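One structure is given here, and the rest of the page talks about it.
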Amino acid sequence: MKTILYIIQKEFLQIIRDRMMLPIIFVIPIFQLLILAHAATYEIKYVDMGIIDLDQSVESRALVQKFEASPFFRINARSFSLEKLSDEMQNSRIEQILYIPSDFGYQIEKNAPVKVQLITDAVDGAAAGVMNAYALNIIKEFNKDVLKEAQLLSLNRKIIETRPSYWYNPDLDYKTFMIPGILVLLVSIIGLFLSGLNIVKEKEIGTIEQLNVTPIKKHHFIIGKLTPFWFIAMFDLFFGLALAKFVFNIPIVGSVGLIIGVASIYLVLVLGIGLFISTLADTQQQAMFIAWFFVIIFILLSGLFTPVENMPDWAQAINIINPIAYFIDFMRMVMLKGARLVDVSYHIISISIYAILSISLATWRYKKVV
Amino acid sequence: MIQIQNVHKSFGNIQALKGISLEIAEGELFGFIGPDGAGKTTLFRVLVSLLVPDEGKATVMDLDVVNDYKKLRTQLGYMPGRFSLYQDLTVEENLNFFAGIFKTTLKENYELIKPIYQQIEPFKKRRAGALSGGMKQKLALSCALIHKPKVLFLDEPTTGVDAVSRKEFWEMLQSLKKQGITIVVSTPYMEEAALCDRIALIQKGELLDIDKPQNIINRYSHFLYGIKAERMYDLVKILRENTHCNSAYLFGEYVHFSSNTELDMDKLKAELISTGMENVEVISLQANIEDSFMDLMAKTNNQA
């Protein structure tokens, strides 16, 4: 027991001595939360639009005006040439083209069906869908006006109206959705990298050789090494939760105790993986690359940025072994939906099993020989 | 104290140790002498239980280095060839840490390390990384001694240390020996061999000879001459073509020239002058450890 304390004391001394450590512990969480929370958003503020109005009639101008009036559209180009606007789209100055044919007004006068064309830059498919929906909404509005004017739509006719109600995130604030995930990202990266580089560093500077000939027991060594980083990552989690609550006003609906409890198991898991990587690699550079490899794959698959449900089945299957996916899901459920212990028992069991596995693996791999 | 029987160790295709056998008695100051890559470090790592030999058996204090490694590690002191203490911790913190994990304290064993530690004590608040090479060695030795080991393994402790510190270091080893600690040391410096009780000459994973330094020198069977001239490089070439030549190599300011028969030094000098050498000087030499080592090395190579 005393041996563990000596190791912990030594680790903390080295952490304090390391000039880079304090910035890593304090600056990284602030930056990740403040920057990523704003950057990782799918909201589209406005669409840069180009207009081709070949008609120039009262009706066509009314339609264009509707776009001009919408806060979502900025009319950046007007032309009679589709070719010219195609060039503009090619160099990304506009994202969407509204094409109004020359018989637009005439057909409306005649009460005949009329066509307009919407061309959307669909390099980013998700964004294109959103832009398209915005534009269609405006055209639909315009359509309603035309029908009203033509007295085809009686004012007292019954229409089915849908009024959506958004639960758990009523303002559809993207930050509310992102921040629990970013918190997970934060503690995972801090935990994985600090622990992953730690034993490798001892290998690299040769201290492991002196340490290995001492009577330190394997589990003393692993516990002594893990504990300091566990505290650092835990501290960062608290720090991040406080930032979320007081800076971003994210409601923490569920139990903070539950979050802390599961986070403490999750950190054991992450640190175990880190130490395991540490035992595989010979240099800090190797450890860094292995850690990055896993972090990138786990994060992209985890559902932090894109919904897991949209991924192919095989990718979803990989998430069974993705610790980050479990914890992000858990954090969102507890922080935003107020999930109780029973609601997240599957997550807790998975994380616990995983934690035991990763620590056992790290302990087994760590050999006290050169 | 230490028994090594037919120890083999390979790394891939490289045979680092090819059947090493020897015994080291209690209280001995034993030296392994050999060039870089001879297998000294590998042998040390086997003896301190960091490497498992492929073949053979080694015991230290009757403890098997493979089976009884746990007990062995509490009783031996090891100073690796590379400085292996925490450079970001202070002198004092390093000592306290190693004392702690050996379940002892600096105070408890202060008497043993006092003569060494006293020299670096004024710098005890300094980080180990900021110490000079000689002070680093002293700190490393203090840490290796902190738990009162009965046997001390020092892998090239004086490599990269200045001449004064090296001398001091060997004096410290002599005083530790007086306290009954068995010391096994390795070095590439031949002149340090004379300071050991017994030495083993090691090359390419094989032992060439094991004996007291003086006995090894006495066994030297050639006549040895030191020769100096203006153009030393050409001199070596000419001497190697000499019919009496056994070996000729540059050593310090002289070429060491060995012959199987006794030579007339004046005649040799005249011969050299006739080949165009200038300022020729020929003296008779006593063989040193390096001459013996070179000789043994040449013999083994010829056999192979």
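Ordering of the structure tokens sets the chain letters (A, B, ...); residue numbers start at 1 within each chain; ligands are numbered from 1 in the order shown.
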Can you tell me which residues surround Ala263 in chain A at a distance of at most 9 Å, considering only C-alpha atoms, apart from same-chain residues fewer than 5 positions away, and format the answer as a PDB file with N, CA and C atoms, in the first residue's frame?
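Dumped everything to part_0.pdb:
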```pdb
ATOM      1  N   MET A 234     -10.820  13.408 -13.927  1.00  0.00           N
ATOM      2  CA  MET A 234     -12.033  13.639 -13.143  1.00  0.00           C
ATOM      3  C   MET A 234     -12.201  15.139 -12.885  1.00  0.00           C
ATOM      4  N   LEU A 237     -13.489  16.760 -15.867  1.00  0.00           N
ATOM      5  CA  LEU A 237     -14.923  16.502 -16.070  1.00  0.00           C
ATOM      6  C   LEU A 237     -15.761  17.484 -15.246  1.00  0.00           C
ATOM      7  N   LEU A 258     -24.845  10.236 -10.440  1.00  0.00           N
ATOM      8  CA  LEU A 258     -24.806   9.131 -11.403  1.00  0.00           C
ATOM      9  C   LEU A 258     -23.713   9.394 -12.449  1.00  0.00           C
ATOM     10  N   VAL A 268     -11.402   4.591 -15.621  1.00  0.00           N
ATOM     11  CA  VAL A 268     -10.561   3.412 -15.423  1.00  0.00           C
ATOM     12  C   VAL A 268     -10.374   2.698 -16.761  1.00  0.00           C
ATOM     13  N   PHE A 327     -20.331   6.003 -23.598  1.00  0.00           N
ATOM     14  CA  PHE A 327     -20.318   7.075 -22.615  1.00  0.00           C
ATOM     15  C   PHE A 327     -20.994   8.342 -23.150  1.00  0.00           C
TER      16      PHE A 327
END
```
Original post:
How would you write, as a list in words, the set of residues in range 34-127 of chain B that DSSP gives as strand (DSSP E)?
Top reply: Glu55, Gly56, Lys57, Ala58, Thr59, Val60, Leu63, Asp64, Leu76, Gly77, Tyr78 and Met79 of chain B
Same residues, C-alpha atoms, output as a PDB file, in the first residue's frame:
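Dumped to part_38.pdb:
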```pdb
ATOM      1  CA  GLU B  55      19.699 -21.421 -22.198  1.00  0.00           C
ATOM      2  CA  GLY B  56      21.767 -22.002 -19.096  1.00  0.00           C
ATOM      3  CA  LYS B  57      21.300 -20.974 -15.514  1.00  0.00           C
ATOM      4  CA  ALA B  58      22.430 -18.148 -13.316  1.00  0.00           C
ATOM      5  CA  THR B  59      22.119 -17.679  -9.578  1.00  0.00           C
ATOM      6  CA  VAL B  60      22.915 -14.646  -7.488  1.00  0.00           C
ATOM      7  CA  LEU B  63      18.690 -17.182  -5.903  1.00  0.00           C
ATOM      8  CA  ASP B  64      17.835 -18.216  -9.434  1.00  0.00           C
ATOM      9  CA  LEU B  76      20.575  -6.495  -5.390  1.00  0.00           C
ATOM     10  CA  GLY B  77      21.628  -3.038  -6.419  1.00  0.00           C
ATOM     11  CA  TYR B  78      21.774  -2.199 -10.107  1.00  0.00           C
ATOM     12  CA  MET B  79      23.065   0.825 -11.893  1.00  0.00           C
TER      13      MET B  79
END
```
Interface rows for chain B against chain A: nearest pair, Å to one decimal, 6 Å, only C-alpha atoms, as JSON lines:
```
{"residue": "B:Leu50", "atom": "CA", "partner": "A:Val369", "partner_atom": "CA", "distance": 4.4}
{"residue": "B:Leu51", "atom": "CA", "partner": "A:Val369", "partner_atom": "CA", "distance": 5.8}
{"residue": "B:Arg73", "atom": "CA", "partner": "A:Val213", "partner_atom": "CA", "distance": 5.5}
{"residue": "B:Thr74", "atom": "CA", "partner": "A:Pro215", "partner_atom": "CA", "distance": 5.6}
{"residue": "B:Ser84", "atom": "CA", "partner": "A:Thr207", "partner_atom": "CA", "distance": 4.2}
{"residue": "B:Leu85", "atom": "CA", "partner": "A:Thr207", "partner_atom": "CA", "distance": 5.5}
{"residue": "B:Ile101", "atom": "CA", "partner": "A:Thr3", "partner_atom": "CA", "distance": 5.2}
```
Go ahead and write the selection's residues with N, CA and C atoms as a short mmCIF file (atom, residue, chain, number, x, y, z; two decimals), in the first residue's frame.
```
data_model
loop_
_atom_site.label_atom_id
_atom_site.label_comp_id
_atom_site.auth_asym_id
_atom_site.auth_seq_id
_atom_site.Cartn_x
_atom_site.Cartn_y
_atom_site.Cartn_z
N LEU B 50 16.39 -8.89 -15.47
CA LEU B 50 15.60 -8.14 -16.46
C LEU B 50 15.45 -8.92 -17.75
N LEU B 51 16.36 -9.86 -17.99
CA LEU B 51 16.29 -10.68 -19.20
C LEU B 51 16.29 -12.14 -18.79
N ARG B 73 15.32 -9.29 -6.40
CA ARG B 73 15.23 -7.85 -6.65
C ARG B 73 15.25 -7.01 -5.38
N THR B 74 14.90 -7.63 -4.23
CA THR B 74 14.96 -6.86 -3.00
C THR B 74 16.39 -6.77 -2.49
N SER B 84 19.50 6.38 -15.31
CA SER B 84 18.11 5.93 -15.29
C SER B 84 17.32 6.46 -14.10
N LEU B 85 17.70 7.65 -13.64
CA LEU B 85 16.90 8.24 -12.56
C LEU B 85 16.03 9.32 -13.17
N ILE B 101 10.24 2.75 -2.28
CA ILE B 101 9.75 1.53 -2.91
C ILE B 101 10.55 0.31 -2.45
#
```
Original post:
Mind pulling up the distance from CA of Phe221 in chain A to CA of Tyr69 in chain B?
Top reply: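 Value for the CA of Tyr69 in chain B-CA of Phe221 in chain A distance: 16.9 Å.
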Subject >> For Ile14 in chain B: contacts at 12 Å, only C-alpha atoms, fewer than 3 positions along chain excluded, given as a ChimeraX atom specification >> reply: /B:8-11,17-18,37-39,42,204-205
Selection to disk with C-alpha atoms, as a CSV table (one decimal), in the first residue's frame:
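The result, written out as again_8.csv:
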```csv
chain,number,residue,atom,x,y,z
B,8,HIS,CA,23.0,-18.2,-23.9
B,9,LYS,CA,21.0,-15.2,-25.1
B,10,SER,CA,20.1,-14.3,-28.7
B,11,PHE,CA,18.1,-11.4,-30.1
B,17,LEU,CA,25.9,-14.4,-25.2
B,18,LYS,CA,27.3,-17.7,-26.4
B,37,GLY,CA,28.8,-4.8,-28.2
B,38,ALA,CA,30.7,-7.6,-26.4
B,39,GLY,CA,27.6,-8.6,-24.5
B,42,THR,CA,23.1,-8.3,-21.9
B,204,LYS,CA,31.4,-11.2,-29.1
B,205,GLY,CA,29.5,-12.9,-26.3
```
Original post:
What's the 12 Å shell around Pro170 in chain A, counting only C-alpha atoms, without same-chain residues fewer than 3 positions away, as a PyMOL selection string?
Top reply: chain A and resi 164-167+173-174+176-177+250-251+336-337
With C-alpha atoms retained, could you export that selection as an mmCIF file, in the first residue's frame?
```cif
data_model
loop_
_atom_site.group_PDB
_atom_site.id
_atom_site.type_symbol
_atom_site.label_atom_id
_atom_site.label_comp_id
_atom_site.auth_asym_id
_atom_site.auth_seq_id
_atom_site.Cartn_x
_atom_site.Cartn_y
_atom_site.Cartn_z
ATOM 1 C CA PRO A 164 -44.046 20.155 -33.781
ATOM 2 C CA SER A 165 -43.045 19.913 -30.150
ATOM 3 C CA TYR A 166 -39.366 19.341 -29.402
ATOM 4 C CA TRP A 167 -38.659 17.456 -26.229
ATOM 5 C CA ASP A 173 -30.034 24.346 -29.671
ATOM 6 C CA TYR A 174 -27.180 22.450 -31.189
ATOM 7 C CA THR A 176 -27.164 21.440 -25.898
ATOM 8 C CA PHE A 177 -26.737 18.359 -28.017
ATOM 9 C CA ILE A 250 -27.015 23.572 -20.488
ATOM 10 C CA PRO A 251 -29.524 22.017 -18.141
ATOM 11 C CA LEU A 336 -30.446 16.092 -21.196
ATOM 12 C CA LYS A 337 -33.168 13.510 -20.661
#
```
Subject >> Gap from CA of Glu108 in chain B to CA of Leu89 in chain B - Å, one decimal >> reply: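 According to the coordinates, CA of Glu108 in chain B and CA of Leu89 in chain B are separated by 21.3 Å.
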Return as CSV the residues of range 128-247 of chain A lying at most 10 Å from range 55-72 of chain A, together with the closest atom-to-atom pair for each and the distance in Å to one decimal, counting only C-alpha atoms, with rows in chain order and ascending residue number.
```
residue,atom,partner,partner_atom,distance
A:Met131,CA,A:Phe72,CA,8.9
A:Tyr134,CA,A:Phe72,CA,7.7
A:Ala135,CA,A:Phe67,CA,8.0
A:Ile138,CA,A:Lys66,CA,6.9
A:Ile139,CA,A:Leu63,CA,7.4
A:Glu141,CA,A:Lys66,CA,8.7
A:Phe142,CA,A:Leu63,CA,6.4
A:Asn143,CA,A:Leu63,CA,9.2
A:Val146,CA,A:Glu59,CA,8.9
```
Subject >> Exercise: range 225-237 of chain B partners within 8 Å, only C-alpha atoms, chain neighbours under 3 positions left out, as a PyMOL selection string >> reply: chain B and resi 240-241+248-250+253-258+277-285
Original post:
Which residue gives the smallest distance to Gln284 in chain A among A:Asn137, A:Asn169, A:Thr363, A:Ser195, with only C-alpha atoms counted?
Top reply: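 Answer, going by the shortest atom-to-atom distance: A:Ser195.
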